Structures are given as structure tokens and as C-alpha cells.
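Have a look at start_25.txt below; it lists compact mmCIF, C-alpha atoms.
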# COMPACT_ATOMS: atom_id res chain seq x y z
CA MET A 1416 15.59 -9.59 -21.19
CA ILE A 1417 13.74 -10.67 -18.04
CA GLU A 1418 10.08 -9.63 -18.07
CA GLY A 1419 8.13 -12.13 -15.95
CA PHE A 1420 6.93 -10.75 -12.62
CA GLU A 1421 7.96 -13.80 -10.62
CA THR A 1422 11.43 -13.81 -12.18
CA LEU A 1423 11.95 -10.10 -11.51
CA ALA A 1424 10.81 -10.52 -7.90
CA ILE A 1425 13.46 -13.18 -7.33
CA HIS A 1426 16.35 -11.76 -9.37
CA ALA A 1427 16.05 -7.98 -9.97
CA GLY A 1428 18.73 -6.14 -8.00
CA GLN A 1429 19.87 -9.43 -6.48
CA GLU A 1430 22.89 -10.61 -8.40
CA ALA A 1431 25.08 -13.16 -6.63
CA ASP A 1432 27.59 -11.60 -4.23
CA PRO A 1433 30.81 -11.01 -6.23
CA TYR A 1434 33.06 -12.07 -3.34
CA THR A 1435 31.41 -15.26 -2.11
CA GLY A 1436 28.81 -16.17 -4.72
CA ALA A 1437 26.02 -15.93 -2.13
CA VAL A 1438 22.71 -15.97 -3.99
CA VAL A 1439 20.98 -13.83 -1.35
CA PRO A 1440 22.16 -10.22 -0.94
CA PRO A 1441 24.08 -9.83 2.33
CA ILE A 1442 22.89 -7.66 5.19
CA TYR A 1443 25.28 -4.72 5.15
CA ALA A 1444 25.08 -3.70 8.82
CA VAL A 1445 27.34 -0.71 8.31
CA SER A 1446 27.00 3.02 8.80
CA THR A 1447 30.05 4.30 6.90
CA TYR A 1448 32.39 3.15 4.13
CA LYS A 1449 36.12 3.42 3.47
CA GLN A 1450 36.78 5.87 0.67
CA ASP A 1451 39.42 5.40 -2.01
CA GLY A 1452 40.97 8.81 -1.42
CA VAL A 1453 39.12 12.01 -0.57
CA GLY A 1454 35.85 12.00 -2.50
CA GLY A 1455 36.62 8.62 -4.05
CA LEU A 1456 33.53 6.59 -3.21
CA ARG A 1457 33.76 2.83 -3.69
CA SER A 1458 30.69 1.83 -5.73
CA GLY A 1459 29.05 5.11 -4.71
CA TYR A 1460 28.67 4.37 -1.00
CA GLU A 1461 29.75 6.77 1.73
CA TYR A 1462 27.12 6.73 4.51
CA SER A 1463 24.14 4.41 4.93
CA ARG A 1464 21.54 7.13 5.28
CA SER A 1465 22.40 8.08 1.71
CA ALA A 1466 22.71 4.53 0.39
CA ASN A 1467 23.27 1.00 1.63
CA PRO A 1468 23.86 -2.05 -0.61
CA THR A 1469 21.08 -4.09 1.00
CA ARG A 1470 18.64 -1.23 0.59
CA THR A 1471 19.82 -0.71 -2.98
CA ALA A 1472 18.97 -4.33 -3.80
CA LEU A 1473 15.44 -3.85 -2.46
CA GLU A 1474 14.97 -0.52 -4.22
CA GLU A 1475 16.07 -1.94 -7.57
CA CYS A 1476 13.76 -4.91 -7.14
CA LEU A 1477 10.77 -2.73 -6.25
CA ALA A 1478 11.38 -0.50 -9.27
CA ALA A 1479 11.54 -3.57 -11.51
CA ILE A 1480 8.32 -5.20 -10.31
CA GLU A 1481 6.40 -1.89 -10.46
CA GLY A 1482 7.86 -0.98 -13.87
CA GLY A 1483 9.36 2.30 -12.65
CA ALA A 1484 12.56 4.26 -13.17
CA ARG A 1485 13.51 4.60 -9.50
CA GLY A 1486 12.58 2.82 -6.30
CA LEU A 1487 13.14 4.06 -2.75
CA ALA A 1488 12.77 2.20 0.55
CA PHE A 1489 11.71 3.92 3.77
CA ALA A 1490 11.35 3.17 7.45
CA SER A 1491 7.53 3.05 7.12
CA GLY A 1492 4.75 3.69 4.66
CA LEU A 1493 3.95 7.00 6.29
CA ALA A 1494 7.59 8.05 6.08
CA ALA A 1495 7.40 7.37 2.35
CA GLU A 1496 4.15 9.39 2.07
CA ASP A 1497 5.58 12.34 3.98
CA THR A 1498 8.71 12.47 1.83
CA LEU A 1499 6.65 12.19 -1.35
CA LEU A 1500 4.20 14.94 -0.44
CA ARG A 1501 6.94 17.32 0.66
CA THR A 1502 8.67 16.68 -2.66
CA VAL A 1503 5.76 17.35 -5.01
CA CYS A 1504 4.04 20.04 -2.92
CA VAL A 1505 4.90 23.27 -1.11
CA PRO A 1506 2.87 25.22 1.49
CA GLY A 1507 -0.24 26.67 -0.12
CA ASP A 1508 -0.67 23.81 -2.59
CA HIS A 1509 -3.78 21.65 -2.73
CA VAL A 1510 -4.26 17.88 -2.95
CA VAL A 1511 -7.37 15.85 -3.77
CA ILE A 1512 -7.61 12.76 -1.53
CA PRO A 1513 -10.10 9.86 -1.26
CA ASP A 1514 -13.11 10.39 0.97
CA ASP A 1515 -12.36 7.01 2.58
CA ALA A 1516 -8.58 7.29 2.76
CA TYR A 1517 -6.52 5.20 5.15
CA GLY A 1518 -6.78 6.75 8.62
CA GLY A 1519 -3.04 7.26 8.96
CA THR A 1520 -2.90 9.06 5.64
CA TYR A 1521 -5.79 11.30 6.64
CA ARG A 1522 -4.05 12.04 9.94
CA LEU A 1523 -0.88 13.00 8.03
CA PHE A 1524 -2.87 15.48 5.92
CA ALA A 1525 -5.10 16.81 8.69
CA LYS A 1526 -2.75 17.01 11.66
CA VAL A 1527 0.74 17.35 10.17
CA LEU A 1528 0.84 18.64 6.60
CA GLY A 1529 -2.17 20.87 7.18
CA ARG A 1530 -0.13 22.79 9.76
CA TRP A 1531 2.63 23.03 7.14
CA GLY A 1532 0.18 24.82 4.86
CA LEU A 1533 -0.93 22.00 2.56
CA GLU A 1534 -4.64 22.09 1.72
CA TYR A 1535 -6.70 19.04 0.80
CA ASP A 1536 -10.23 17.99 -0.08
CA PRO A 1537 -11.69 14.50 0.46
CA VAL A 1538 -13.59 13.41 -2.67
CA PRO A 1539 -15.23 10.13 -3.80
CA LEU A 1540 -12.62 9.18 -6.40
CA GLY A 1541 -15.03 6.84 -8.16
CA ASP A 1542 -17.00 9.96 -9.18
CA LEU A 1543 -14.86 11.54 -11.90
CA ALA A 1544 -17.09 14.61 -12.12
CA ALA A 1545 -16.58 15.23 -8.40
CA VAL A 1546 -12.82 14.90 -8.85
CA ARG A 1547 -12.81 17.41 -11.72
CA ALA A 1548 -14.88 19.80 -9.64
CA ALA A 1549 -12.47 19.52 -6.70
CA VAL A 1550 -9.36 20.27 -8.76
CA ARG A 1551 -8.23 23.90 -8.40
CA PRO A 1552 -6.41 24.97 -11.58
CA GLY A 1553 -2.89 26.10 -10.79
CA VAL A 1554 -3.22 25.16 -7.11
CA THR A 1555 -3.94 21.42 -7.09
CA LYS A 1556 -0.56 19.74 -7.41
CA ALA A 1557 -1.53 16.12 -6.78
CA ILE A 1558 -4.39 13.66 -6.76
CA TRP A 1559 -3.86 11.00 -4.09
CA VAL A 1560 -5.39 7.64 -4.95
CA GLU A 1561 -5.98 4.49 -2.95
CA THR A 1562 -7.49 1.66 -4.95
CA PRO A 1563 -8.85 -0.48 -3.45
CA THR A 1564 -9.47 1.88 -0.53
CA ASN A 1565 -9.14 1.07 3.13
CA PRO A 1566 -11.48 -0.18 4.57
CA LEU A 1567 -14.46 0.18 2.22
CA LEU A 1568 -12.63 -1.25 -0.81
CA GLY A 1569 -13.69 1.49 -3.18
CA ILE A 1570 -12.20 1.43 -6.67
CA ALA A 1571 -10.79 4.36 -8.60
CA ASP A 1572 -10.05 4.42 -12.34
CA ILE A 1573 -6.30 5.09 -12.41
CA THR A 1574 -6.15 5.89 -16.14
CA ALA A 1575 -9.02 8.37 -15.98
CA LEU A 1576 -7.62 10.05 -12.86
CA ALA A 1577 -4.20 10.33 -14.48
CA GLU A 1578 -5.77 12.21 -17.38
CA ILE A 1579 -7.54 14.59 -14.98
CA ALA A 1580 -4.37 15.17 -12.95
CA HIS A 1581 -2.08 15.71 -15.92
CA SER A 1582 -4.50 18.04 -17.69
CA ALA A 1583 -4.40 20.23 -14.56
CA GLY A 1584 -0.60 20.13 -14.32
CA ALA A 1585 -0.76 17.84 -11.28
CA VAL A 1586 0.75 14.45 -10.55
CA LEU A 1587 -1.12 11.22 -9.79
CA LEU A 1588 0.07 9.43 -6.67
CA VAL A 1589 -1.26 5.90 -6.13
CA ASP A 1590 -1.11 3.97 -2.88
CA ASN A 1591 -0.88 0.42 -4.22
CA THR A 1592 -0.63 -1.29 -0.82
CA PHE A 1593 -3.96 -3.14 -0.91
CA ALA A 1594 -3.46 -4.49 -4.43
CA SER A 1595 0.32 -5.13 -4.37
CA PRO A 1596 2.54 -4.86 -7.46
CA TYR A 1597 1.46 -8.35 -8.49
CA LEU A 1598 -2.23 -7.50 -8.83
CA GLN A 1599 -1.98 -3.92 -10.13
CA GLN A 1600 0.56 -1.81 -12.04
CA PRO A 1601 -0.41 1.86 -11.58
CA LEU A 1602 2.60 3.31 -13.41
CA ALA A 1603 1.60 1.49 -16.58
CA LEU A 1604 -1.87 3.04 -16.21
CA GLY A 1605 -0.55 6.61 -16.02
CA ALA A 1606 0.38 7.16 -12.37
CA ASP A 1607 3.49 9.20 -11.63
CA VAL A 1608 4.47 7.64 -8.31
CA VAL A 1609 3.41 4.44 -6.56
CA VAL A 1610 3.38 4.28 -2.75
CA HIS A 1611 3.54 1.15 -0.59
CA SER A 1612 3.46 0.23 3.01
CA THR A 1613 5.83 -2.70 2.46
CA THR A 1614 4.85 -3.83 5.94
CA LYS A 1615 1.81 -5.34 4.27
CA TYR A 1616 1.71 -7.64 1.22
CA VAL A 1617 5.19 -6.86 -0.09
CA GLY A 1618 6.89 -7.98 3.13
CA GLY A 1619 4.07 -10.40 3.77
CA HIS A 1620 5.09 -11.96 7.09
CA SER A 1621 4.16 -9.37 9.74
CA ASP A 1622 7.78 -9.13 10.86
CA VAL A 1623 8.99 -5.81 9.43
CA ILE A 1624 7.83 -2.19 9.14
CA GLY A 1625 8.65 -0.44 5.88
CA GLY A 1626 7.53 1.81 3.07
CA ALA A 1627 8.42 2.41 -0.56
CA LEU A 1628 8.06 4.81 -3.45
CA VAL A 1629 8.49 3.96 -7.11
CA ALA A 1630 8.65 6.84 -9.60
CA ARG A 1631 7.83 6.49 -13.28
CA ASP A 1632 10.06 9.43 -14.26
CA ALA A 1633 13.80 9.36 -13.51
CA ALA A 1634 13.97 13.11 -12.85
CA LEU A 1635 11.23 12.99 -10.22
CA GLY A 1636 12.94 9.90 -8.85
CA GLU A 1637 16.12 11.89 -8.27
CA GLU A 1638 14.18 14.62 -6.46
CA LEU A 1639 12.74 11.95 -4.19
CA VAL A 1640 16.20 10.49 -3.60
CA TYR A 1641 17.49 13.92 -2.55
CA ASN A 1642 14.67 14.36 -0.04
CA GLN A 1643 14.92 10.77 1.17
CA ASN A 1644 18.49 11.54 2.20
CA ALA A 1645 17.67 15.02 3.50
CA ILE A 1646 14.70 13.89 5.61
CA GLY A 1647 16.36 10.61 6.56
CA ALA A 1648 13.58 8.11 7.30
CA VAL A 1649 15.29 5.29 5.41
CA ALA A 1650 14.88 1.54 5.71
CA GLY A 1651 17.59 -0.10 7.77
CA PRO A 1652 19.59 -2.96 6.22
CA PHE A 1653 17.91 -5.76 8.17
CA ASP A 1654 14.45 -4.36 7.42
CA ALA A 1655 15.39 -4.08 3.74
CA TRP A 1656 16.64 -7.68 3.76
CA LEU A 1657 13.44 -9.00 5.35
CA THR A 1658 11.30 -7.07 2.87
CA LEU A 1659 13.34 -8.33 -0.06
CA ARG A 1660 12.88 -11.89 1.19
CA GLY A 1661 9.12 -11.31 1.25
CA VAL A 1662 9.07 -9.97 -2.31
CA LYS A 1663 10.36 -13.28 -3.66
CA THR A 1664 7.13 -15.10 -2.79
CA LEU A 1665 4.72 -12.22 -3.44
CA ALA A 1666 3.16 -13.74 -6.56
CA VAL A 1667 2.38 -17.14 -5.07
CA ARG A 1668 1.14 -15.61 -1.82
CA MET A 1669 -1.20 -13.20 -3.60
CA GLU A 1670 -2.78 -16.04 -5.57
CA ARG A 1671 -3.58 -17.87 -2.32
CA HIS A 1672 -4.82 -14.69 -0.62
CA CYS A 1673 -7.21 -14.17 -3.53
CA ASP A 1674 -8.37 -17.80 -3.56
CA ASN A 1675 -9.19 -17.70 0.14
CA ALA A 1676 -10.81 -14.27 0.01
CA GLU A 1677 -13.19 -15.40 -2.71
CA ARG A 1678 -14.34 -18.32 -0.56
CA VAL A 1679 -14.78 -16.04 2.45
CA VAL A 1680 -16.90 -13.65 0.38
CA GLU A 1681 -19.16 -16.53 -0.67
CA LEU A 1682 -19.73 -17.44 2.97
CA LEU A 1683 -20.43 -13.86 4.03
CA GLN A 1684 -22.86 -13.21 1.21
CA ALA A 1685 -24.94 -16.20 2.24
CA HIS A 1686 -24.92 -15.48 5.98
CA PRO A 1687 -28.16 -14.02 7.43
CA ARG A 1688 -26.33 -11.79 9.94
CA VAL A 1689 -24.21 -10.07 7.30
CA THR A 1690 -25.96 -7.03 5.85
CA GLU A 1691 -23.40 -5.89 3.27
CA VAL A 1692 -20.14 -7.22 1.80
CA PHE A 1693 -17.44 -5.02 0.29
CA TYR A 1694 -15.25 -6.82 -2.25
CA PRO A 1695 -14.37 -5.57 -5.75
CA GLY A 1696 -14.64 -9.08 -7.14
CA LEU A 1697 -18.41 -9.00 -6.70
CA ALA A 1698 -20.31 -8.16 -9.88
CA ALA A 1699 -22.57 -5.87 -7.85
CA HIS A 1700 -19.64 -3.83 -6.54
CA PRO A 1701 -19.85 -0.35 -8.11
CA GLY A 1702 -16.18 -0.49 -9.09
CA HIS A 1703 -16.16 -4.07 -10.32
CA GLU A 1704 -15.72 -3.31 -14.02
CA VAL A 1705 -12.88 -0.86 -13.40
CA ALA A 1706 -11.20 -3.28 -11.00
CA ALA A 1707 -11.48 -6.09 -13.54
CA LYS A 1708 -9.82 -3.85 -16.11
CA GLN A 1709 -6.87 -2.71 -14.02
CA MET A 1710 -6.29 -5.59 -11.58
CA ARG A 1711 -5.08 -9.13 -12.22
CA ARG A 1712 -7.37 -10.42 -9.43
CA PHE A 1713 -9.32 -8.73 -6.65
CA GLY A 1714 -7.10 -9.16 -3.59
CA GLY A 1715 -7.22 -10.57 -0.09
CA MET A 1716 -9.04 -7.76 1.73
CA VAL A 1717 -12.73 -8.12 2.58
CA SER A 1718 -14.98 -5.83 4.63
CA PHE A 1719 -18.55 -6.43 5.76
CA ARG A 1720 -21.32 -4.97 7.91
CA VAL A 1721 -23.36 -6.93 10.40
CA ALA A 1722 -26.82 -6.86 11.93
CA GLY A 1723 -26.73 -5.76 15.54
CA GLY A 1724 -24.62 -2.67 15.05
CA GLU A 1725 -21.32 -1.67 16.60
CA GLU A 1726 -21.47 -3.85 19.71
CA GLU A 1727 -22.16 -6.98 17.68
CA ALA A 1728 -19.35 -6.13 15.26
CA VAL A 1729 -16.95 -5.81 18.19
CA ALA A 1730 -18.21 -9.08 19.68
CA ILE A 1731 -17.63 -10.93 16.41
CA CYS A 1732 -14.05 -9.64 16.32
CA ASP A 1733 -13.58 -11.00 19.85
CA ARG A 1734 -14.99 -14.44 19.02
CA THR A 1735 -12.66 -15.49 16.19
CA THR A 1736 -9.76 -17.81 16.96
CA VAL A 1737 -8.01 -18.40 13.63
CA PHE A 1738 -8.54 -14.81 12.53
CA THR A 1739 -6.31 -12.84 14.91
CA LEU A 1740 -7.67 -9.59 16.31
CA GLY A 1741 -5.10 -7.05 15.21
CA GLU A 1742 -4.35 -4.04 13.06
CA SER A 1743 -2.30 -4.15 9.84
CA LEU A 1744 -2.90 -6.50 6.94
CA GLY A 1745 -1.24 -8.46 4.15
CA GLY A 1746 0.57 -11.05 6.24
CA VAL A 1747 0.35 -14.80 5.77
CA GLU A 1748 -1.92 -15.00 8.82
CA SER A 1749 -5.55 -13.87 8.74
CA LEU A 1750 -6.49 -10.77 10.74
CA ILE A 1751 -9.81 -9.28 11.83
CA GLU A 1752 -10.44 -5.77 13.13
CA HIS A 1753 -13.07 -3.16 13.88
CA PRO A 1754 -11.96 -0.13 11.81
CA GLY A 1755 -14.11 2.39 13.70
CA ARG A 1756 -12.33 1.66 16.98
CA MET A 1757 -8.97 0.56 15.62
CA THR A 1758 -7.29 1.58 12.33
CA HIS A 1759 -9.72 4.40 11.56
CA ALA A 1760 -10.34 5.77 15.05
CA SER A 1761 -8.54 8.98 14.04
CA ALA A 1762 -11.21 9.56 11.37
CA VAL A 1763 -14.15 9.55 13.81
CA GLY A 1764 -16.11 12.77 13.49
CA THR A 1765 -14.56 13.62 10.11
CA PRO A 1766 -15.82 13.13 6.53
CA LEU A 1767 -13.79 9.89 6.49
CA GLU A 1768 -15.58 8.25 9.42
CA VAL A 1769 -16.45 4.61 8.65
CA PRO A 1770 -19.63 2.72 9.62
CA SER A 1771 -19.61 1.54 13.23
CA ASP A 1772 -20.92 -1.92 12.27
CA LEU A 1773 -18.05 -2.53 9.82
CA ILE A 1774 -15.55 -5.39 10.16
CA ARG A 1775 -12.40 -5.66 8.05
CA LEU A 1776 -10.66 -8.92 7.23
CA SER A 1777 -7.17 -9.48 5.93
CA VAL A 1778 -7.59 -12.99 4.59
CA GLY A 1779 -4.40 -15.00 4.98
CA ILE A 1780 -3.09 -18.14 3.33
CA GLU A 1781 -4.19 -20.74 5.91
CA SER A 1782 -6.34 -23.72 4.99
CA VAL A 1783 -9.54 -22.13 3.79
CA GLY A 1784 -11.74 -24.64 5.60
CA ASP A 1785 -10.38 -23.44 8.92
CA LEU A 1786 -11.04 -19.82 8.01
CA LEU A 1787 -14.62 -20.53 6.98
CA ALA A 1788 -15.32 -22.55 10.13
CA ASP A 1789 -13.90 -19.77 12.31
CA LEU A 1790 -16.03 -17.09 10.71
CA THR A 1791 -19.13 -19.30 10.89
CA GLN A 1792 -18.79 -19.83 14.64
CA ALA A 1793 -17.96 -16.17 15.27
CA LEU A 1794 -20.97 -14.92 13.31
CA GLY A 1795 -23.36 -17.35 14.98
CA SER A 1796 -26.75 -18.21 13.60
How does this structure look as C-alpha cells?
Amino acid sequence: MIEGFETLAIHAGQEADPYTGAVVPPIYAVSTYKQDGVGGLRSGYEYSRSANPTRTALEECLAAIEGGARGLAFASGLAAEDTLLRTVCVPGDHVVIPDDAYGGTYRLFAKVLGRWGLEYDPVPLGDLAAVRAAVRPGVTKAIWVETPTNPLLGIADITALAEIAHSAGAVLLVDNTFASPYLQQPLALGADVVVHSTTKYVGGHSDVIGGALVARDAALGEELVYNQNAIGAVAGPFDAWLTLRGVKTLAVRMERHCDNAERVVELLQAHPRVTEVFYPGLAAHPGHEVAAKQMRRFGGMVSFRVAGGEEEAVAICDRTTVFTLGESLGGVESLIEHPGRMTHASAVGTPLEVPSDLIRLSVGIESVGDLLADLTQALGS
């Protein structure tokens, strides 16, 4: 039985094509399928919104590397989130969310699902007492977890939060995008569903938009499959193929991301113009011990604050040359951004507003010397 992460990433759901022997799953650019008589579906395929062989290969691979019963691939991470929340919740239900949630997730709760009748409370998930206090018995149906969070890299104890959720009859939903399946396995720690923006580390090459869900329980997985088909925001075959290609190198890429991020953190900590560094690998990070327990390594995302305030933070973002100014994260190339004006602009004026002097880095896999030199010249003396 295959158990190694790297082996599963390369082989799970990806048997050689039975007709040609091709070792890479083909791109099935097809909308409909010939049936063997009325209702006689060949290998279960009838229409590609419901299922497509290329998407099936990706979904089986994602389930394998996350250790789940069912994987599902979507057109984007937010499409996956929307389908998940409308599966486990109904109008009038309540969800506990992080108080520094990803801006797009907060927008989904505040501007879309809130109008649908879903209530939510932002809570510091590292404070278990605050989480318990926020749970409404009989009304709270889910605790939404991001760990590490975006962009402040807060850490939540997945096992402890699973116990709180399950004791209240709720489910634990974990956005594992920042960590990736290689660095963290939320289902093994008690989570019910894992969420990914596969645009990020899973795809890894900044060339495809996608999302995924992996359910621990087969029954919940089937409910998600029903709604995936009913709502319809599925991954197309070419997007699924690109994402599956990215999965194959996830393990080796994540090791290099972590190596480079650790060196970047060393530079930032020693720089006189940096006032605070956010990275769970630091012993002084309030979530360091929990992160060390539930993560293989500490990831490729780094955030920091600078002297000089918002204008200086923006200027630093403009001065880098190897770090590309851009939103998103998790690609092979390094990115820099100002969350307050970019990824988290929708959270301005809300409880999730981020510091205006904050800079977020997605540390890529380039030569680390070039990354350090670029940051040094951008920060100045």
C-alpha cells in the first residue's frame, strides 16, 4: 500500500491511460459522453459539470494527499468555500471565523452569505476561551479555521478547535492553503473538511485558478458532490490538468519555500527598519509551539511591519525587483504586497482590518542570495 506523500502526489488517481499507456492523465476537453443505451453511463460519465476524467484524477489525488474520503475540485477557492458553507449551513445558522481571516473569505461572509441569512462572529482562534464563548449552542454549525492566517500568520490549534466544534454539534472547516497538504494534515487532527485555493501552493506556478475541498467523512463528501454539481462552479479539464501537474512537485517545492523563508526571516529580524516579523517558525511567535506540533515545517509566507508607517511600506513594495509586486501567493516566484491596500482592502474599517505598515511576502524558490539582496536594497539603511 502506498503511503508516502511524494509517491501519492505523483501516482494517486493517475494510473497510466488504458488505451495508450500515457503516464500523464489526458486532458478530456469534452462536455458530454456517449451512453451505452439510455441511462447506461460508460464509467459513470454523462456530462462534465457532473464529472470529468481529468477532474476525477485531480480529486482522487487531493483526497489521497490530505488523507480524506472525498476530494472535489472547483473553479476557485472561493467557489469551494461557497459550496461548502451552503452545504453545512442554512439561513439562520452561525459560524465562528478568525478575526484576521483572508479578505475574500470575510467578504463572502459579510457581503454575500450574510444577505442569505448566515450569521458569523470574528474571534481570535488562538484564544480557546474566546472561541468557546462565541459558540452558540444549537446555532453555531461550523468553526472556520485558517492556520496560518492571512496575512498575520496566526496559528490555531486544530485538535483543540475540533473538540470545541464537535462538542457543540458543529463541524470544523480548515483552510489549509497557507500550509499546503505537505506541511499540515488537518483531517488527521480532527477537522471535518479541508479547503484549498489550489491557485496557491498546490498548483504552484501562478498559471491556474482553482479551489478544492477534501472531506474526512464519505457521507458529507457525497453531500458536497451533490451541491458541487447543483451549484456548478467546477474546475475545467485544463485547469484540473495544470493543478495536477503542480501537485507532483509540491513536496520538493515546499521544502525550498521553507528554506528560503527562514533565511528571509533572519534578515528581517536583524534589520533596523523592521519593527516586527510575523513567522510561526520564530520561537517568540505566540503560536510557535502549536505550529511545531501540527506542521512539518513553517511555510513560505512571511509578514513584517516597518518604521515609517504606511507610505514607507508602500515604497518598499515599489522598490523590489526580484520580489514581484502582486497579489496571490504560493507560486515559484517571490511576491510582495501591501495587504491594507491590496488583498485586504475589503477589510478596511472592519474588525479584520490589518496594520497599515504591514508588508506580506510570498517567498519563492529562487536563489536565496538574490532574494536577500533585493530585500536589503528595498529596505534601505
task: Can you work out which one of A:Lys1615, A:Arg1631, A:Arg1678, A:Arg1470 has the shortest atom-to-atom distance to Phe1653 in chain A, counting all atoms listed in the file?
output: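 Under the stated criterion, the closest residue is A:Arg1470.
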query: Nearest to Gly1619 in chain A: which of A:Met1669, A:Leu1635, A:Ala1793, A:Val1445 is it, counting all atoms listed in the file?
result: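 Smallest distance to Gly1619 in chain A is found for A:Met1669.
Here the question is which of A:Glu1704, A:Asp1632, A:Asp1536, A:Glu1768 gets nearest to Ile1512 in chain A using all atoms listed in the file, and that residue is A:Asp1536.
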Wanna dump the range 1679-1763 of chain A-range 1596-1607 of chain A contacts at 10 Å for me, each residue with its shortest atom pair and the distance in Å to one decimal, counting only C-alpha atoms, ordered by chain and number, as a Markdown table?
| residue | atom | partner | partner_atom | distance |
| --- | --- | --- | --- | --- |
| A:Ala1706 | CA | A:Gln1599 | CA | 9.3 |
| A:Lys1708 | CA | A:Gln1599 | CA | 9.9 |
| A:Gln1709 | CA | A:Gln1599 | CA | 6.4 |
| A:Met1710 | CA | A:Gln1599 | CA | 4.8 |
| A:Arg1711 | CA | A:Leu1598 | CA | 4.7 |
| A:Arg1712 | CA | A:Leu1598 | CA | 5.9 |
| A:Phe1713 | CA | A:Leu1598 | CA | 7.5 |
| A:Gly1714 | CA | A:Leu1598 | CA | 7.3 |
Spatial neighbours of Leu1493 in chain A, max dist 12 Å, only C-alpha atoms, sep filter under 5 positions, as a short mmCIF file (atom, residue, chain, number, x, y, z; two decimals) with C-alpha atoms, in the coordinates of the input:
data_model
loop_
_atom_site.label_atom_id
_atom_site.label_comp_id
_atom_site.auth_asym_id
_atom_site.auth_seq_id
_atom_site.Cartn_x
_atom_site.Cartn_y
_atom_site.Cartn_z
CA ALA A 1488 12.77 2.20 0.55
CA THR A 1498 8.71 12.47 1.83
CA LEU A 1499 6.65 12.19 -1.35
CA LEU A 1500 4.20 14.94 -0.44
CA TYR A 1517 -6.52 5.20 5.15
CA GLY A 1518 -6.78 6.75 8.62
CA GLY A 1519 -3.04 7.26 8.96
CA THR A 1520 -2.90 9.06 5.64
CA TYR A 1521 -5.79 11.30 6.64
CA ARG A 1522 -4.05 12.04 9.94
CA LEU A 1523 -0.88 13.00 8.03
CA PHE A 1524 -2.87 15.48 5.92
CA VAL A 1527 0.74 17.35 10.17
CA ASP A 1590 -1.11 3.97 -2.88
CA THR A 1592 -0.63 -1.29 -0.82
CA VAL A 1610 3.38 4.28 -2.75
CA HIS A 1611 3.54 1.15 -0.59
CA SER A 1612 3.46 0.23 3.01
CA THR A 1613 5.83 -2.70 2.46
CA THR A 1614 4.85 -3.83 5.94
CA ILE A 1624 7.83 -2.19 9.14
CA GLY A 1625 8.65 -0.44 5.88
CA GLY A 1626 7.53 1.81 3.07
CA ALA A 1627 8.42 2.41 -0.56
CA LEU A 1628 8.06 4.81 -3.45
CA ALA A 1648 13.58 8.11 7.30
CA VAL A 1649 15.29 5.29 5.41
#
- line: Expressed in Å, the length from CA of Val1586 in chain A to CA of Ala1630 in chain A is 11.0 Å
Can you complete the atoms of range 1743-1754 of chain A to N, CA and C atoms and list them as a PDB file, keeping the file's coordinate frame?
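Resulting contents of out_22.pdb:
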ATOM      1  N   SER A1743      -3.154  -3.796  10.971  1.00  0.00           N
ATOM      2  CA  SER A1743      -2.300  -4.150   9.840  1.00  0.00           C
ATOM      3  C   SER A1743      -3.017  -5.150   8.944  1.00  0.00           C
ATOM      4  N   LEU A1744      -2.309  -5.625   7.943  1.00  0.00           N
ATOM      5  CA  LEU A1744      -2.900  -6.500   6.940  1.00  0.00           C
ATOM      6  C   LEU A1744      -1.787  -7.050   6.051  1.00  0.00           C
ATOM      7  N   GLY A1745      -2.152  -7.995   5.191  1.00  0.00           N
ATOM      8  CA  GLY A1745      -1.240  -8.460   4.150  1.00  0.00           C
ATOM      9  C   GLY A1745      -0.261  -9.519   4.568  1.00  0.00           C
ATOM     10  N   GLY A1746      -0.318  -9.985   5.819  1.00  0.00           N
ATOM     11  CA  GLY A1746       0.570 -11.050   6.240  1.00  0.00           C
ATOM     12  C   GLY A1746      -0.006 -12.413   5.889  1.00  0.00           C
ATOM     13  N   VAL A1747       0.799 -13.448   6.097  1.00  0.00           N
ATOM     14  CA  VAL A1747       0.350 -14.800   5.770  1.00  0.00           C
ATOM     15  C   VAL A1747      -0.784 -15.245   6.692  1.00  0.00           C
ATOM     16  N   GLU A1748      -0.869 -14.646   7.889  1.00  0.00           N
ATOM     17  CA  GLU A1748      -1.920 -15.000   8.820  1.00  0.00           C
ATOM     18  C   GLU A1748      -3.134 -14.095   8.622  1.00  0.00           C
ATOM     19  N   SER A1749      -4.315 -14.635   8.897  1.00  0.00           N
ATOM     20  CA  SER A1749      -5.550 -13.870   8.740  1.00  0.00           C
ATOM     21  C   SER A1749      -5.764 -12.977   9.957  1.00  0.00           C
ATOM     22  N   LEU A1750      -6.219 -11.748   9.696  1.00  0.00           N
ATOM     23  CA  LEU A1750      -6.490 -10.770  10.740  1.00  0.00           C
ATOM     24  C   LEU A1750      -7.921 -10.269  10.632  1.00  0.00           C
ATOM     25  N   ILE A1751      -8.480  -9.878  11.775  1.00  0.00           N
ATOM     26  CA  ILE A1751      -9.810  -9.280  11.830  1.00  0.00           C
ATOM     27  C   ILE A1751      -9.707  -8.021  12.686  1.00  0.00           C
ATOM     28  N   GLU A1752     -10.469  -6.998  12.326  1.00  0.00           N
ATOM     29  CA  GLU A1752     -10.440  -5.770  13.130  1.00  0.00           C
ATOM     30  C   GLU A1752     -11.727  -4.995  12.963  1.00  0.00           C
ATOM     31  N   HIS A1753     -11.951  -4.082  13.925  1.00  0.00           N
ATOM     32  CA  HIS A1753     -13.070  -3.160  13.880  1.00  0.00           C
ATOM     33  C   HIS A1753     -12.506  -1.792  13.510  1.00  0.00           C
ATOM     34  N   PRO A1754     -12.609  -1.368  12.246  1.00  0.00           N
ATOM     35  CA  PRO A1754     -11.960  -0.130  11.810  1.00  0.00           C
ATOM     36  C   PRO A1754     -12.359   1.091  12.632  1.00  0.00           C
TER      37      PRO A1754
END
